[in-house]
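> Mind looking over this structure? Questions follow.
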Amino acid sequence: MSIGTHTIQVQNKPDFEKFLQSNDIVVALVYASWCPFCIRFLPIFQKLAGDDQRFIMFEDNQEIMADQYDINVVPSVIFFTNGVIVNRLDGFLGVGITQQQLADFITSCNL
């Protein structure tokens with residue numbers, strides 16, 4: 001796990017699971033480096049996350065999270081409470097996620 005100036009970047013699935021277990025509230029971005037919509041969305045996610053340590057990013061180029069968390073499209077933003085998925089915002093094929101969609105999602109999660 002690495003902490004940058006803003007958002008925590010989780011490097012592997014065990015670190016992701018550990019972060020979920022040790023934090024009551026987690027907002028996780030699952031993305032892929034090969035996805036142009038993800039690349040465009042990363043600065044938006046980082047900007048809205050700010051320094052909030054409940055926001056994490058997981059680069060999933062091998063789609064190892066897909067089955068466990070039902071991820072069919074990247075980017076996907078998943079809101080966890082006590083390790084359980086409470087809400088999610090999945091990208092739209094050929095579009096991704098907009099800043100307004102993420103802002104509305106964060107508001108709906110009462111963050």
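Labels for the structure tokens follow display order: chains A, B, ..., residues from 1 in each chain, ligands from 1.
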Would you list the contacts of Glu59 (chain A) as an MDAnalysis selection string, taking every protein, DNA or RNA residue within 9 Å and counting only C-alpha atoms, but skipping same-chain residues closer than 5 positions in sequence?

chainID A and resid 9:12 29:33

> Pull the helix (DSSP H, G or I) assignments for region 9-62 of chain A out of DSSP run on the backbone, and list those residues as a ChimeraX atom specification.

/A:13-22,36-49

> Would you mind listing what lies within 9 Å of Val73 (chain A) as a PyMOL selection string, with only C-alpha atoms counted and same-chain residues fewer than 2 positions away left out?

chain A and resi 31+66+71+75-76+90-93+96

> Just checking: using only C-alpha atoms, which residue out of A:Ala103, A:Cys38, A:Leu89, A:Ile44 ends up closest to Phe58 (chain A)?

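Among the listed residues, the smallest separation from Phe58 (chain A) belongs to A:Cys38.
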
> Write out as a VMD selection string each polymer residue whose atoms come within 12 Å of region 23-28 of chain A, counting only C-alpha atoms; drop sequence neighbours fewer than 3 positions from it.

chain A and resid 7 to 10 16 to 20 31 42 45 to 46 48 to 49 52 to 60 65 69 74 to 90 102 105 to 106 109 to 111

> Go ahead and dump the residues you just picked, C-alpha atoms, as a PDB file, in the first residue's frame.


ATOM      1  CA  THR A   7      -5.449   8.942  -2.401  1.00  0.00           C
ATOM      2  CA  ILE A   8      -4.139   5.617  -1.136  1.00  0.00           C
ATOM      3  CA  GLN A   9      -3.087   3.263  -3.937  1.00  0.00           C
ATOM      4  CA  VAL A  10      -3.584  -0.382  -2.965  1.00  0.00           C
ATOM      5  CA  PHE A  16      -7.197  -4.388  -0.453  1.00  0.00           C
ATOM      6  CA  GLU A  17      -8.818  -6.937   1.858  1.00  0.00           C
ATOM      7  CA  LYS A  18      -6.688  -5.768   4.797  1.00  0.00           C
ATOM      8  CA  PHE A  19      -7.732  -2.158   4.173  1.00  0.00           C
ATOM      9  CA  LEU A  20     -11.412  -3.185   4.109  1.00  0.00           C
ATOM     10  CA  TYR A  31      -9.676   0.727 -12.548  1.00  0.00           C
ATOM     11  CA  LEU A  42      -8.319   9.120 -12.066  1.00  0.00           C
ATOM     12  CA  PHE A  45     -11.492  10.671  -8.253  1.00  0.00           C
ATOM     13  CA  GLN A  46      -8.328  12.017  -6.629  1.00  0.00           C
ATOM     14  CA  LEU A  48     -12.961  14.666  -4.979  1.00  0.00           C
ATOM     15  CA  ALA A  49     -11.265  12.281  -2.530  1.00  0.00           C
ATOM     16  CA  ASP A  52      -9.751  11.605   2.894  1.00  0.00           C
ATOM     17  CA  GLN A  53      -8.000   8.360   3.875  1.00  0.00           C
ATOM     18  CA  ARG A  54     -11.213   6.369   3.353  1.00  0.00           C
ATOM     19  CA  PHE A  55     -10.734   6.634  -0.429  1.00  0.00           C
ATOM     20  CA  ILE A  56      -8.512   4.047  -2.098  1.00  0.00           C
ATOM     21  CA  MET A  57      -7.583   3.112  -5.645  1.00  0.00           C
ATOM     22  CA  PHE A  58      -6.915  -0.392  -6.923  1.00  0.00           C
ATOM     23  CA  GLU A  59      -5.370  -0.925 -10.366  1.00  0.00           C
ATOM     24  CA  ASP A  60      -6.888  -4.193 -11.567  1.00  0.00           C
ATOM     25  CA  MET A  65     -11.510  -8.312  -8.411  1.00  0.00           C
ATOM     26  CA  TYR A  69     -17.056  -7.738  -6.420  1.00  0.00           C
ATOM     27  CA  VAL A  74     -14.102  -0.188 -15.182  1.00  0.00           C
ATOM     28  CA  PRO A  75     -13.900   2.297 -13.689  1.00  0.00           C
ATOM     29  CA  SER A  76     -16.127   1.224 -10.822  1.00  0.00           C
ATOM     30  CA  VAL A  77     -16.443   2.982  -7.470  1.00  0.00           C
ATOM     31  CA  ILE A  78     -17.629   0.827  -4.574  1.00  0.00           C
ATOM     32  CA  PHE A  79     -18.750   2.091  -1.165  1.00  0.00           C
ATOM     33  CA  PHE A  80     -18.134  -0.367   1.685  1.00  0.00           C
ATOM     34  CA  THR A  81     -19.342  -0.209   5.266  1.00  0.00           C
ATOM     35  CA  ASN A  82     -17.686  -2.759   7.555  1.00  0.00           C
ATOM     36  CA  GLY A  83     -16.444  -4.686   4.514  1.00  0.00           C
ATOM     37  CA  VAL A  84     -19.906  -5.002   2.946  1.00  0.00           C
ATOM     38  CA  ILE A  85     -20.871  -3.332  -0.329  1.00  0.00           C
ATOM     39  CA  VAL A  86     -23.497  -0.698   0.420  1.00  0.00           C
ATOM     40  CA  ASN A  87     -23.507   1.260  -2.827  1.00  0.00           C
ATOM     41  CA  ARG A  88     -21.661   1.314  -6.134  1.00  0.00           C
ATOM     42  CA  LEU A  89     -21.148   3.437  -9.210  1.00  0.00           C
ATOM     43  CA  ASP A  90     -20.139   1.475 -12.271  1.00  0.00           C
ATOM     44  CA  LEU A 102     -19.054  10.812  -8.692  1.00  0.00           C
ATOM     45  CA  PHE A 105     -22.509   9.245  -5.584  1.00  0.00           C
ATOM     46  CA  ILE A 106     -20.395  10.615  -2.714  1.00  0.00           C
ATOM     47  CA  CYS A 109     -23.209   7.817   0.569  1.00  0.00           C
ATOM     48  CA  ASN A 110     -23.358  10.649   3.149  1.00  0.00           C
ATOM     49  CA  LEU A 111     -19.612  11.244   3.041  1.00  0.00           C
TER      50      LEU A 111
END

> DSSP says strand (DSSP E) for which residues of region 4-93 of chain A? Put them as a CSV table (one decimal) with C-alpha atoms, in the first residue's frame?


chain,number,residue,atom,x,y,z
A,8,ILE,CA,-4.1,5.6,-1.1
A,9,GLN,CA,-3.1,3.3,-3.9
A,10,VAL,CA,-3.6,-0.4,-3.0
A,25,ILE,CA,-15.9,3.1,5.7
A,26,VAL,CA,-14.1,2.6,2.4
A,27,VAL,CA,-14.7,4.2,-1.0
A,28,ALA,CA,-12.7,2.1,-3.5
A,29,LEU,CA,-12.0,2.9,-7.1
A,30,VAL,CA,-11.3,-0.2,-9.2
A,31,TYR,CA,-9.7,0.7,-12.5
A,55,PHE,CA,-10.7,6.6,-0.4
A,56,ILE,CA,-8.5,4.0,-2.1
A,57,MET,CA,-7.6,3.1,-5.6
A,58,PHE,CA,-6.9,-0.4,-6.9
A,59,GLU,CA,-5.4,-0.9,-10.4
A,76,SER,CA,-16.1,1.2,-10.8
A,77,VAL,CA,-16.4,3.0,-7.5
A,78,ILE,CA,-17.6,0.8,-4.6
A,79,PHE,CA,-18.7,2.1,-1.2
A,80,PHE,CA,-18.1,-0.4,1.7
A,81,THR,CA,-19.3,-0.2,5.3
A,84,VAL,CA,-19.9,-5.0,2.9
A,85,ILE,CA,-20.9,-3.3,-0.3
A,86,VAL,CA,-23.5,-0.7,0.4
A,87,ASN,CA,-23.5,1.3,-2.8
A,88,ARG,CA,-21.7,1.3,-6.1
A,89,LEU,CA,-21.1,3.4,-9.2
A,90,ASP,CA,-20.1,1.5,-12.3

> Ranking A:Asp70, A:Val95, A:Ser108, A:Gln101 by minimum distance to Arg40 (chain A) and counting only C-alpha atoms, which one comes first?

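Residue with the minimum atom-to-atom distance to Arg40 (chain A): A:Val95.
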
> Measure the distance from CA of Asn72 (chain A) to CA of Lys47 (chain A) in Å and round it to one decimal.

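For CA of Asn72 (chain A) relative to CA of Lys47 (chain A), the distance reads 24.6 Å.
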
> Between CA of Thr98 (chain A) and CA of Gly50 (chain A), what is the distance in Å, rounded to a tenth?

16.7 Å
